[in-house]
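input-v6.txt follows; it contains compact mmCIF, C-alpha atoms.
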```txt
# COMPACT_ATOMS: atom_id res chain seq x y z
CA MET A 1 -14.84 -12.17 7.73
CA ALA A 2 -11.74 -13.10 5.76
CA THR A 3 -12.15 -14.90 2.46
CA THR A 4 -11.47 -18.62 2.29
CA HIS A 5 -7.78 -19.30 1.88
CA GLN A 6 -6.77 -21.52 -1.02
CA PRO A 7 -3.21 -22.77 -0.29
CA LEU A 8 -0.73 -22.64 -3.12
CA GLY A 9 1.97 -24.72 -1.55
CA PHE A 10 5.56 -24.27 -0.51
CA HIS A 11 8.00 -23.15 -3.14
CA SER A 12 11.62 -22.71 -2.08
CA GLU A 13 12.64 -20.65 -5.13
CA THR A 14 9.90 -18.09 -4.48
CA ALA A 15 10.92 -17.76 -0.84
CA ALA A 16 14.59 -17.49 -1.81
CA LEU A 17 13.83 -14.76 -4.34
CA LEU A 18 11.86 -12.79 -1.77
CA ASP A 19 14.72 -13.13 0.71
CA SER A 20 17.28 -12.01 -1.87
CA CYS A 21 15.23 -9.04 -3.13
CA ARG A 22 14.65 -7.93 0.43
CA GLY A 23 18.35 -8.16 1.23
CA PHE A 24 19.41 -6.46 -2.03
CA VAL A 25 17.21 -3.41 -1.43
CA ARG A 26 18.38 -3.08 2.17
CA ARG A 27 22.00 -2.89 1.03
CA TYR A 28 21.36 0.52 -0.53
CA VAL A 29 18.24 1.96 1.15
CA VAL A 30 17.11 2.30 4.75
CA LEU A 31 13.53 1.01 5.09
CA THR A 32 11.53 -0.49 7.90
CA ALA A 33 11.10 -4.26 8.05
CA ASP A 34 7.47 -3.90 6.97
CA GLN A 35 8.40 -1.73 4.00
CA LEU A 36 11.10 -4.20 2.93
CA ASN A 37 8.67 -7.12 3.07
CA VAL A 38 6.15 -5.37 0.83
CA VAL A 39 8.76 -4.02 -1.58
CA ALA A 40 10.27 -7.50 -2.02
CA ALA A 41 6.86 -8.99 -2.85
CA TRP A 42 6.17 -6.09 -5.21
CA ILE A 43 9.40 -6.74 -7.14
CA LEU A 44 8.32 -10.33 -7.82
CA HIS A 45 4.85 -9.05 -8.71
CA THR A 46 6.30 -6.94 -11.55
CA TRP A 47 7.60 -10.18 -13.09
CA ALA A 48 4.17 -11.83 -12.81
CA MET A 49 1.96 -9.06 -14.23
CA ASP A 50 0.50 -11.38 -16.87
CA VAL A 51 -1.45 -13.27 -14.21
CA ALA A 52 -2.45 -10.31 -12.00
CA GLU A 53 -5.90 -8.72 -12.08
CA CYS A 54 -4.84 -5.60 -10.17
CA THR A 55 -1.55 -3.96 -9.31
CA PRO A 56 -0.62 -1.89 -6.27
CA TYR A 57 1.26 1.31 -6.94
CA LEU A 58 4.20 2.08 -4.66
CA HIS A 59 3.89 5.69 -3.54
CA ILE A 60 7.34 6.57 -2.18
CA THR A 61 7.13 9.77 -0.17
CA ALA A 62 9.02 11.74 2.47
CA PRO A 63 8.66 15.01 4.39
CA GLU A 64 11.93 16.43 3.05
CA LYS A 65 14.52 15.98 0.32
CA GLY A 66 17.45 13.67 0.90
CA CYS A 67 15.45 10.81 2.40
CA GLY A 68 16.33 8.23 -0.26
CA LYS A 69 13.27 8.31 -2.52
CA SER A 70 15.29 8.49 -5.75
CA ARG A 71 17.79 5.92 -4.47
CA LEU A 72 14.96 3.47 -3.83
CA LEU A 73 13.71 3.99 -7.40
CA GLU A 74 17.24 3.45 -8.70
CA THR A 75 17.53 0.22 -6.74
CA LEU A 76 14.15 -0.97 -7.98
CA ALA A 77 15.23 -0.18 -11.54
CA ILE A 78 17.89 -2.87 -11.19
CA LEU A 79 15.46 -5.62 -10.20
CA VAL A 80 11.99 -5.00 -11.58
CA PHE A 81 10.61 -6.21 -14.89
CA ARG A 82 11.25 -3.90 -17.86
CA PRO A 83 11.83 -0.64 -15.91
CA ILE A 84 11.36 2.68 -17.66
CA ARG A 85 11.43 6.30 -16.53
CA THR A 86 9.19 9.08 -17.80
CA GLY A 87 11.62 12.02 -17.76
CA GLY A 88 11.64 13.95 -21.03
CA MET A 89 8.81 11.99 -22.63
CA THR A 90 6.02 13.71 -24.50
CA ALA A 91 2.45 12.77 -23.69
CA ALA A 92 2.13 10.82 -26.95
CA ALA A 93 5.39 8.93 -26.38
CA LEU A 94 4.39 8.12 -22.80
CA MET A 95 1.00 6.74 -23.82
CA ARG A 96 2.43 4.63 -26.65
CA THR A 97 5.31 3.31 -24.56
CA VAL A 98 3.03 2.13 -21.76
CA HIS A 99 0.62 0.58 -24.28
CA LYS A 100 3.25 -1.22 -26.38
CA GLU A 101 5.86 -2.28 -23.83
CA GLN A 102 3.79 -2.65 -20.64
CA PRO A 103 6.81 -1.61 -18.57
CA THR A 104 7.28 -1.07 -14.86
CA LEU A 105 6.85 2.70 -14.80
CA LEU A 106 9.22 4.52 -12.43
CA LEU A 107 8.24 8.14 -11.88
CA ASP A 108 10.49 10.42 -9.84
CA GLU A 109 9.79 13.98 -8.62
CA LEU A 110 6.04 13.44 -8.92
CA ASP A 111 5.24 16.90 -7.56
CA SER A 112 7.39 18.57 -10.23
CA VAL A 113 5.89 16.54 -13.06
CA PHE A 114 2.40 17.76 -12.33
CA GLN A 115 3.58 21.34 -12.16
CA GLY A 116 5.22 21.05 -15.59
CA ASP A 117 3.87 20.25 -19.05
CA LYS A 118 0.08 20.16 -18.75
CA GLU A 119 -0.37 17.63 -21.55
CA VAL A 120 2.10 15.20 -19.98
CA ALA A 121 0.52 15.72 -16.56
CA GLN A 122 -2.94 15.01 -17.95
CA ALA A 123 -1.77 11.87 -19.76
CA LEU A 124 0.02 10.59 -16.67
CA ARG A 125 -2.96 11.22 -14.46
CA GLY A 126 -5.14 9.21 -16.82
CA ILE A 127 -2.61 6.38 -16.83
CA LEU A 128 -2.52 6.31 -13.04
CA ASN A 129 -6.30 6.47 -12.64
CA GLU A 130 -6.95 3.59 -15.04
CA GLY A 131 -3.77 1.55 -14.99
CA PHE A 132 -4.17 -0.36 -11.73
CA TRP A 133 -6.58 -2.99 -13.11
CA ARG A 134 -6.36 -5.42 -16.02
CA GLY A 135 -8.37 -3.97 -18.87
CA GLY A 136 -7.71 -0.40 -17.79
CA ASN A 137 -7.43 1.72 -20.91
CA ILE A 138 -7.63 5.22 -22.29
CA ARG A 139 -9.32 6.14 -25.58
CA LYS A 140 -7.74 8.96 -27.58
CA CYS A 141 -8.20 10.46 -31.02
CA VAL A 142 -5.02 10.05 -33.06
CA GLY A 143 -3.78 11.06 -36.50
CA GLN A 144 -5.23 13.53 -38.96
CA SER A 145 -8.39 11.45 -39.28
CA HIS A 146 -8.89 11.57 -35.51
CA ASP A 147 -9.53 7.84 -35.31
CA VAL A 148 -10.18 6.59 -31.79
CA GLN A 149 -7.40 4.34 -30.51
CA VAL A 150 -7.53 2.31 -27.32
CA PHE A 151 -4.36 2.46 -25.20
CA ASN A 152 -3.82 -0.28 -22.62
CA VAL A 153 -2.32 1.34 -19.52
CA PHE A 154 -2.32 -1.57 -17.06
CA GLY A 155 1.05 -2.15 -15.45
CA ALA A 156 3.22 -1.84 -12.36
CA LYS A 157 4.10 1.69 -11.26
CA ALA A 158 6.26 3.27 -8.56
CA LEU A 159 5.89 6.98 -7.85
CA ALA A 160 8.24 9.11 -5.78
CA GLY A 161 7.69 12.64 -4.56
CA ILE A 162 7.18 14.90 -1.55
CA GLY A 163 3.62 15.33 -0.36
CA LYS A 164 0.35 13.58 -1.05
CA VAL A 165 -1.29 12.44 -4.27
CA TRP A 166 -4.94 12.83 -5.14
CA ASP A 167 -7.37 10.39 -3.58
CA THR A 168 -7.94 8.24 -6.68
CA VAL A 169 -4.22 7.39 -6.86
CA ALA A 170 -3.79 7.15 -3.08
CA SER A 171 -6.48 4.45 -2.92
CA ARG A 172 -4.51 2.41 -5.47
CA SER A 173 -1.21 2.82 -3.64
CA ILE A 174 0.84 1.33 -0.84
CA ILE A 175 2.59 4.19 0.93
CA ILE A 176 6.35 3.82 1.49
CA GLU A 177 7.12 6.79 3.73
CA MET A 178 10.84 7.36 4.07
CA ARG A 179 12.97 9.28 6.56
CA ARG A 180 16.50 10.63 6.31
CA LYS A 181 18.89 7.99 7.64
CA THR A 182 20.77 8.48 10.87
CA LYS A 183 24.54 8.13 11.32
CA ALA A 184 23.97 4.68 12.79
CA GLU A 185 22.04 3.48 9.73
CA LYS A 186 24.55 2.31 7.14
CA VAL A 187 24.10 1.57 3.44
CA GLU A 188 26.54 0.52 0.73
CA SER A 189 27.86 2.92 -1.89
CA PHE A 190 25.62 2.91 -4.97
CA ARG A 191 27.35 2.95 -8.35
CA PHE A 192 24.84 2.03 -11.01
CA ARG A 193 27.12 -0.09 -13.19
CA GLU A 194 28.60 -2.03 -10.28
CA VAL A 195 25.22 -2.53 -8.63
CA ARG A 196 23.65 -3.76 -11.86
CA GLU A 197 26.52 -6.19 -12.45
CA SER A 198 26.14 -7.56 -8.91
CA ALA A 199 22.45 -8.29 -9.58
CA VAL A 200 22.88 -10.15 -12.90
CA THR A 201 22.32 -13.61 -11.43
CA LEU A 202 19.41 -12.47 -9.27
CA VAL A 203 17.70 -10.79 -12.24
CA ALA A 204 18.26 -13.92 -14.34
CA SER A 205 16.62 -15.94 -11.59
CA LEU A 206 13.66 -13.57 -11.50
CA GLU A 207 13.29 -13.92 -15.26
CA SER A 208 13.49 -17.71 -15.05
CA TRP A 209 10.87 -17.69 -12.28
CA SER A 210 8.56 -15.51 -14.40
CA LYS A 211 8.70 -18.02 -17.27
CA SER A 212 8.14 -21.11 -15.14
CA GLN A 213 4.97 -22.98 -14.27
CA VAL A 214 5.00 -21.40 -10.82
CA VAL A 215 3.65 -18.12 -12.20
CA ASP A 216 0.76 -19.93 -13.86
CA VAL A 217 -0.17 -21.27 -10.44
CA LEU A 218 -0.78 -17.68 -9.32
CA LYS A 219 -3.74 -17.46 -11.71
CA SER A 220 -5.78 -19.67 -9.41
CA ALA A 221 -4.67 -17.95 -6.21
CA ARG A 222 -7.43 -16.81 -3.86
CA PRO A 223 -5.52 -15.47 -0.85
CA SER A 224 -7.21 -14.61 2.44
CA PHE A 225 -7.19 -11.02 3.70
CA PRO A 226 -6.84 -9.75 7.25
CA ASP A 227 -10.21 -8.56 8.51
CA GLY A 228 -10.64 -4.83 8.15
CA PHE A 229 -9.17 -4.52 4.66
CA ALA A 230 -11.35 -2.32 2.46
CA ASP A 231 -12.35 -3.55 -1.01
CA ARG A 232 -9.66 -1.50 -2.77
CA GLN A 233 -7.03 -2.69 -0.28
CA GLN A 234 -8.00 -6.28 -1.02
CA ASP A 235 -7.73 -5.61 -4.77
CA ILE A 236 -4.22 -4.20 -4.66
CA SER A 237 -2.85 -6.54 -1.98
CA GLU A 238 -4.10 -9.75 -3.64
CA PRO A 239 -1.10 -10.27 -5.99
CA LEU A 240 1.38 -9.67 -3.17
CA LEU A 241 -0.41 -12.09 -0.84
CA ALA A 242 -0.59 -14.72 -3.57
CA ILE A 243 3.20 -14.54 -3.97
CA ALA A 244 3.70 -14.66 -0.19
CA ASP A 245 1.44 -17.72 0.12
CA LEU A 246 3.34 -19.42 -2.68
CA ALA A 247 6.61 -18.84 -0.83
CA ALA A 248 5.04 -20.14 2.42
CA GLY A 249 7.22 -20.37 5.51
CA GLU A 250 7.18 -17.01 7.29
CA TRP A 251 6.27 -14.96 4.22
CA PRO A 252 2.45 -15.22 4.42
CA THR A 253 2.53 -13.85 7.96
CA ARG A 254 5.16 -11.24 7.18
CA VAL A 255 3.38 -9.71 4.21
CA ARG A 256 -0.06 -9.69 5.84
CA GLN A 257 1.23 -8.02 8.99
CA SER A 258 3.29 -5.54 6.99
CA LEU A 259 0.32 -4.57 4.82
CA CYS A 260 -1.75 -4.04 7.98
CA VAL A 261 0.93 -1.67 9.26
CA LEU A 262 1.33 0.28 6.00
CA PHE A 263 -2.40 0.51 5.27
CA GLY A 264 -3.07 1.56 8.86
CA ALA A 265 -0.44 4.31 8.75
CA ALA A 266 -1.85 5.66 5.49
CA GLU A 267 -5.41 5.72 6.83
CA SER A 268 -4.42 7.50 10.02
CA GLU A 269 -2.75 10.30 8.05
CA ASP A 270 -4.79 10.60 4.87
CA THR A 271 -8.56 10.75 5.37
CA SER A 272 -11.44 13.02 4.52
CA LEU A 273 -12.71 15.58 6.99
CA GLY A 274 -15.79 13.46 7.68
CA VAL A 275 -13.80 10.32 8.47
CA THR A 276 -11.41 12.35 10.63
CA LEU A 277 -14.40 13.60 12.62
CA LEU A 278 -15.71 10.06 13.12
CA ARG A 279 -12.30 8.86 14.27
CA ASP A 280 -11.87 11.72 16.69
CA ILE A 281 -15.34 11.21 18.16
CA ARG A 282 -14.49 7.53 18.67
CA SER A 283 -11.33 8.66 20.43
CA VAL A 284 -13.29 10.94 22.76
CA PHE A 285 -15.66 8.14 23.70
CA GLY A 286 -12.68 5.82 24.09
CA ILE A 287 -11.26 7.73 27.06
CA ARG A 288 -14.57 8.28 28.84
CA SER A 289 -15.32 6.19 31.91
CA GLY A 290 -17.93 5.88 34.58
CA LYS A 291 -21.69 5.75 34.53
CA ASP A 292 -22.07 8.28 31.72
CA SER A 293 -19.31 6.89 29.47
CA ASP A 294 -21.82 5.96 26.76
CA ARG A 295 -23.20 9.51 26.33
CA ILE A 296 -21.93 13.08 26.12
CA TYR A 297 -23.38 16.58 25.85
CA SER A 298 -23.00 18.33 22.48
CA ALA A 299 -21.07 21.25 23.98
CA GLU A 300 -18.79 18.86 25.88
CA LEU A 301 -18.06 16.81 22.74
CA ALA A 302 -17.30 19.93 20.69
CA ALA A 303 -14.93 21.14 23.43
CA ALA A 304 -13.15 17.77 23.57
CA LEU A 305 -12.68 17.80 19.80
CA ARG A 306 -11.16 21.29 19.95
CA GLU A 307 -8.60 19.99 22.43
CA ILE A 308 -7.22 17.30 20.11
CA GLU A 309 -3.74 18.42 19.14
CA GLY A 310 -3.22 18.72 15.40
CA SER A 311 -6.90 18.38 14.59
CA PRO A 312 -8.78 20.74 12.24
CA TRP A 313 -11.31 21.50 14.97
CA SER A 314 -9.00 23.65 17.12
CA GLU A 315 -8.60 26.26 14.37
CA TRP A 316 -11.96 25.82 12.71
CA GLU A 317 -12.77 28.55 10.17
CA LYS A 318 -9.74 30.64 11.07
CA GLY A 319 -10.44 30.72 14.77
CA LYS A 320 -14.18 31.37 14.64
CA GLY A 321 -14.66 28.26 16.72
CA PHE A 322 -15.90 24.71 16.45
CA THR A 323 -19.23 24.73 18.30
CA ALA A 324 -22.02 22.31 19.08
CA ASN A 325 -23.94 23.75 16.13
CA THR A 326 -20.98 23.17 13.81
CA LEU A 327 -20.79 19.58 15.02
CA ALA A 328 -24.50 19.07 14.40
CA ARG A 329 -24.22 20.40 10.83
CA LEU A 330 -21.32 18.07 10.00
CA LEU A 331 -23.10 15.03 11.44
CA LYS A 332 -26.44 15.80 9.81
CA ILE A 333 -25.28 14.39 6.46
CA ARG A 334 -24.74 11.06 8.24
CA HIS A 335 -28.24 11.19 9.75
CA ILE A 336 -26.81 11.58 13.24
CA HIS A 337 -28.70 14.21 15.23
CA PRO A 338 -28.40 15.53 18.79
CA GLN A 339 -31.06 14.33 21.19
CA THR A 340 -32.01 15.07 24.73
CA ILE A 341 -29.89 12.92 27.03
CA ARG A 342 -29.79 12.56 30.78
CA THR A 343 -26.57 12.24 32.76
CA THR A 344 -25.61 12.58 36.40
CA GLY A 345 -25.08 16.27 35.68
CA GLY A 346 -28.57 16.91 34.35
CA THR A 347 -30.39 16.99 31.01
CA ALA A 348 -29.24 18.61 27.77
CA LYS A 349 -28.76 17.97 24.04
CA GLY A 350 -26.09 15.45 23.21
CA TYR A 351 -25.12 12.12 21.64
CA LYS A 352 -24.89 8.47 22.65
CA ARG A 353 -22.14 6.08 21.68
CA GLU A 354 -24.66 3.89 19.87
CA ASP A 355 -25.51 6.80 17.54
CA PHE A 356 -22.09 6.39 15.89
CA ALA A 357 -21.69 2.60 15.93
CA ASP A 358 -22.93 2.05 12.37
CA GLU A 359 -20.77 4.83 10.88
CA TRP A 360 -17.68 3.66 12.78
CA GLU A 361 -18.13 0.15 11.41
CA ARG A 362 -18.59 1.41 7.85
CA TYR A 363 -15.82 4.02 7.66
CA LEU A 364 -13.14 3.25 10.27
CA SER A 365 -10.67 0.41 10.61
CA PRO A 366 -11.43 -1.87 13.55
CA LEU A 367 -9.61 -1.37 16.81
CA PRO A 368 -7.00 -4.05 17.70
CA ASP A 369 -9.37 -6.04 19.94
CA GLU A 370 -11.97 -6.14 17.15
CA ILE A 371 -9.77 -7.90 14.55
CA VAL A 372 -10.44 -11.59 13.90
CA THR A 373 -7.49 -13.87 13.16
CA PRO A 374 -7.77 -16.02 10.00
CA VAL A 375 -7.61 -19.78 10.50
CA THR A 376 -4.37 -21.69 9.90
CA THR A 377 -4.57 -23.81 6.75
CA PRO A 378 -2.27 -26.76 5.95
CA VAL A 379 -0.53 -26.74 2.60
CA ASP A 380 -0.59 -29.46 -0.05
CA LEU A 381 2.91 -29.87 -1.48
CA SER A 382 2.19 -32.58 -4.01
CA ASP A 383 1.73 -30.32 -7.03
CA TYR A 384 5.09 -28.54 -6.64
CA SER A 385 7.63 -31.29 -6.15
CA SER A 386 8.61 -31.37 -9.81
CA PHE A 387 9.42 -27.67 -10.25
CA LYS A 388 12.96 -26.83 -11.28
CA SER A 389 14.41 -23.47 -12.23
CA ASP A 390 16.61 -23.25 -15.30
CA THR A 391 18.87 -20.72 -13.63
CA PRO A 392 20.93 -21.45 -10.50
CA PHE A 393 20.26 -19.17 -7.56
CA ASN A 394 23.87 -18.26 -6.88
CA ALA A 395 22.92 -14.73 -5.86
CA ILE A 396 20.34 -15.84 -3.34
CA GLU A 397 21.48 -15.51 0.21
CA ARG A 398 20.45 -18.20 2.69
CA PRO A 399 21.45 -18.45 6.34
CA SER A 400 24.11 -21.12 6.70
CA HIS A 401 22.04 -22.96 9.32
CA GLU A 402 18.90 -23.14 7.17
CA LYS A 403 17.96 -26.61 5.97
CA PRO A 404 15.61 -27.36 3.04
CA ARG A 405 12.07 -27.46 4.35
CA GLN A 406 10.10 -30.60 3.56
CA SER A 407 6.70 -29.35 4.63
CA ALA A 408 5.06 -26.08 5.42
CA VAL A 409 2.07 -24.54 7.08
CA VAL A 410 0.61 -21.15 6.29
CA THR A 411 0.64 -19.50 9.69
CA ALA A 412 -2.45 -17.71 10.92
CA VAL A 413 -2.06 -13.97 10.77
CA THR A 414 -2.71 -11.61 13.63
CA PRO A 415 -2.53 -8.02 12.31
CA THR A 416 -0.50 -6.11 14.86
CA THR A 417 -1.50 -2.60 13.96
CA ALA A 418 -4.91 -1.07 13.47
CA GLN A 419 -5.68 2.55 12.82
CA THR A 420 -4.00 4.79 15.40
CA GLU A 421 -6.32 6.99 17.46
CA ARG A 422 -5.44 10.70 17.49
CA ILE A 423 -6.27 11.61 21.08
CA THR A 424 -3.46 13.08 23.18
CA SER A 425 -2.49 16.48 24.48
CA LYS A 426 19.28 9.83 -9.94
CA ARG A 427 20.31 8.31 -11.67
CA PHE A 428 18.63 6.25 -14.48
CA ILE A 429 19.56 5.12 -17.96
CA THR A 430 16.90 6.73 -20.12
CA GLY A 431 14.41 4.32 -21.60
CA VAL A 432 14.24 0.61 -20.90
CA LEU A 433 16.99 -0.65 -18.64
```

Any chance you could put this one into C-alpha cells?
Amino acid sequence: MATTHQPLGFHSETAALLDSCRGFVRRYVVLTADQLNVVAAWILHTWAMDVAECTPYLHITAPEKGCGKSRLLETLAILVFRPIRTGGMTAAALMRTVHKEQPTLLLDELDSVFQGDKEVAQALRGILNEGFWRGGNIRKCVGQSHDVQVFNVFGAKALAGIGKVWDTVASRSIIIEMRRKTKAEKVESFRFREVRESAVTLVASLESWSKSQVVDVLKSARPSFPDGFADRQQDISEPLLAIADLAAGEWPTRVRQSLCVLFGAAESEDTSLGVTLLRDIRSVFGIRSGKDSDRIYSAELAAALREIEGSPWSEWEKGKGFTANTLARLLKIRHIHPQTIRTTGGTAKGYKREDFADEWERYLSPLPDEIVTPVTTPVDLSDYSSFKSDTPFNAIERPSHEKPRQSAVVTAVTPTTAQTERITSKRFITGVL
C-alpha cells in the first residue's frame, strides 16, 4: 500500500528548471527518457540537500568504454551544486573536503580507484557506505594525540565506472546504464568553457531556487511511492519524488514511472543467488498450464531451471549438474521442503506453487498485474501564489504553445515496468568548479 500523498502544489519555476536540466543534459549525452527524467530531478536535489534526509547515488555504468560515462559526469559538473572530483586526493584530503564543503562528489573510473591506493579506496568506501543519509559520519583518529574526530560524509554523489559495485552501495544507488551511441543519435560538441558559459543563467536560476522558500517547503514533503518499492528504494527516491510533486504537471507521473523502470532493471540484473532462484522458479510456474499447473516434480523443476539461458543453474559447479537434491539444499534455508505430490503422471517428490508464495511476496517485485495504482490527489495552490524568483529564467526552454497553468492535479501513477522474468530459450577542473 502506497503512503498517503501530501500535495505540495504547482510551482512553475520548479517545472521549468526540470525541463531545462533535462534538455541541457540531452544536448551532450544520449540517455533514455527515463534516465533523463531521473537525472534532471537529481540535479535539483543536489541544490536542496539541506532539506533531504537521504540522497540517491547515481551509479553510471556501461559494458564497454566509450559509452559516455565521463561525458555525463562532465555535463553534471556544469549544473550540480558545488561539484568536486576526487582524482589525486589523499585519503585525508578527501575526508576533510567532504566534511567541510559538503560537495556533490563526482567520481570517475570507479573500478580503477578501488584498484589503486588502498587508503584512498578504504576512505571512499566508508564515505559511500555512510554518506547516503543525514547524520552519516565516520570517526577517525587524527593528529599526534590520536583524538577522535567525527567527519560528516552526507552528500550527493555520482559514480561512474564499468561493472558492478558492492551491494551496500548498489542498494543506495539509481543505476544509469549507458550504451555507445549510434550514428543516428546526435549530440552537440562539448567544449567545457563554452558549455559552462551557456549554462550561466540556468545555474543562477538553480541557485536562486535553492535559496527561496520553495526549498523549505520540501521539508514537509511526504510523497507517495509506487507499490513494490523496497524500504531502501523509498528512502533514496523520496527527495526526487518531492521535487517532482512540487513541479506538478506531468513530472510526478514521469519520475515515478522512470524510477519503476530503473529500479526494475537493476533488480533483474543484480540479485543474490537465492533471489535469482526464487525468480526463476516463479518463471517456471508462470509458463505452466493445465490441471497440474500449481505443482511440479522436483526433478522436473531442476531440469526446467537448467534450461534457462544465462542462468547459473545450467553450469552449476563447473558442469557437475544442478539436481533435485541441489535444489532441495538451496531451498532448505527458506524452510521450503519437497513433499509427496500427486499429478496426472503419478506420485513423486515435488513442490506446489503455494510453497513459494510467501517468499515471492517478500523478496521479488510484484508482477505487472499485481501493482496497485495510487489515488489521484488534487493540489492546493494557495500557498504558492506569492513565490517569485530573483533571477529571470532566460535559459529555460518552454514550448512556444505552452500557456501558464492556473491549476494542477497530481496524476495517478501506473508503474509500467515490473521486474522482468528470465524465462526464454574528461575533463574536469580540479577541485570545486

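Distance-wise, CA of Val169 in chain A and CA of Leu110 in chain A end up 12.1 Å apart.
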
Asp50 in chain A environment, 10 Å, all atoms listed in the file, sequence neighbours closer than 6 positions dropped, as a count of residues only: 7

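When all atoms listed in the file are used to compute distances to Tyr57 in chain A, the closest of the residues A:Phe356, A:Phe154, A:Phe229, A:Phe285 turns out to be A:Phe154.
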
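Relative to CA of Leu241 in chain A, CA of Ala221 in chain A is found at 9.0 Å.
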
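If you look at CA of Ser272 in chain A and CA of Thr168 in chain A, they are 12.7 Å away from each other.
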
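Checking A:Ala48, A:Ile175, A:Leu72, A:Val165 one by one against Ser212 in chain A, counting all atoms listed in the file, you find the shortest gap at A:Ala48.
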
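If only C-alpha atoms are the atoms counted, then among A:His11, A:Arg196, A:His335, A:Arg329 the closest residue to Phe24 in chain A is A:Arg196.
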
Shell of 10 Å around Phe322 in chain A, all atoms listed in the file, local chain residues under 3 positions omitted, as an MDAnalysis selection string: chainID A and resid 299 302:303 305:306 312:317 319 325:327

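Closest approach to Cys21 in chain A among A:Ala62, A:Ala160, A:Leu206, A:Val150 is made by A:Leu206 (distances from all atoms listed in the file).
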
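The residue that comes closest to Leu107 in chain A, out of A:Ala156, A:Leu79, A:Ala204, A:Val142 and on the basis of only C-alpha atoms, is A:Ala156.
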
Answer as a PyMOL selection string, residues within 10 Å of (-2.6, -6.1, -2.4) using all atoms listed in the file: chain A and resi 38+41-42+54-57+172-174+223+225+229+232-242+255-256+259

Write a file of the selected residues as a PDB file, in the frame of the given file, keeping C-alpha atoms.
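What landed in again-v1.pdb:
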```pdb
ATOM      1  CA  VAL A  38       6.150  -5.370   0.830  1.00  0.00           C
ATOM      2  CA  ALA A  41       6.860  -8.990  -2.850  1.00  0.00           C
ATOM      3  CA  TRP A  42       6.170  -6.090  -5.210  1.00  0.00           C
ATOM      4  CA  CYS A  54      -4.840  -5.600 -10.170  1.00  0.00           C
ATOM      5  CA  THR A  55      -1.550  -3.960  -9.310  1.00  0.00           C
ATOM      6  CA  PRO A  56      -0.620  -1.890  -6.270  1.00  0.00           C
ATOM      7  CA  TYR A  57       1.260   1.310  -6.940  1.00  0.00           C
ATOM      8  CA  ARG A 172      -4.510   2.410  -5.470  1.00  0.00           C
ATOM      9  CA  SER A 173      -1.210   2.820  -3.640  1.00  0.00           C
ATOM     10  CA  ILE A 174       0.840   1.330  -0.840  1.00  0.00           C
ATOM     11  CA  PRO A 223      -5.520 -15.470  -0.850  1.00  0.00           C
ATOM     12  CA  PHE A 225      -7.190 -11.020   3.700  1.00  0.00           C
ATOM     13  CA  PHE A 229      -9.170  -4.520   4.660  1.00  0.00           C
ATOM     14  CA  ARG A 232      -9.660  -1.500  -2.770  1.00  0.00           C
ATOM     15  CA  GLN A 233      -7.030  -2.690  -0.280  1.00  0.00           C
ATOM     16  CA  GLN A 234      -8.000  -6.280  -1.020  1.00  0.00           C
ATOM     17  CA  ASP A 235      -7.730  -5.610  -4.770  1.00  0.00           C
ATOM     18  CA  ILE A 236      -4.220  -4.200  -4.660  1.00  0.00           C
ATOM     19  CA  SER A 237      -2.850  -6.540  -1.980  1.00  0.00           C
ATOM     20  CA  GLU A 238      -4.100  -9.750  -3.640  1.00  0.00           C
ATOM     21  CA  PRO A 239      -1.100 -10.270  -5.990  1.00  0.00           C
ATOM     22  CA  LEU A 240       1.380  -9.670  -3.170  1.00  0.00           C
ATOM     23  CA  LEU A 241      -0.410 -12.090  -0.840  1.00  0.00           C
ATOM     24  CA  ALA A 242      -0.590 -14.720  -3.570  1.00  0.00           C
ATOM     25  CA  VAL A 255       3.380  -9.710   4.210  1.00  0.00           C
ATOM     26  CA  ARG A 256      -0.060  -9.690   5.840  1.00  0.00           C
ATOM     27  CA  LEU A 259       0.320  -4.570   4.820  1.00  0.00           C
TER      28      LEU A 259
END
```

Among the residues A:Leu128, A:Thr90, A:Ser205, A:Leu278, the one that comes closest to Asp167 in chain A [using only C-alpha atoms]: A:Leu128
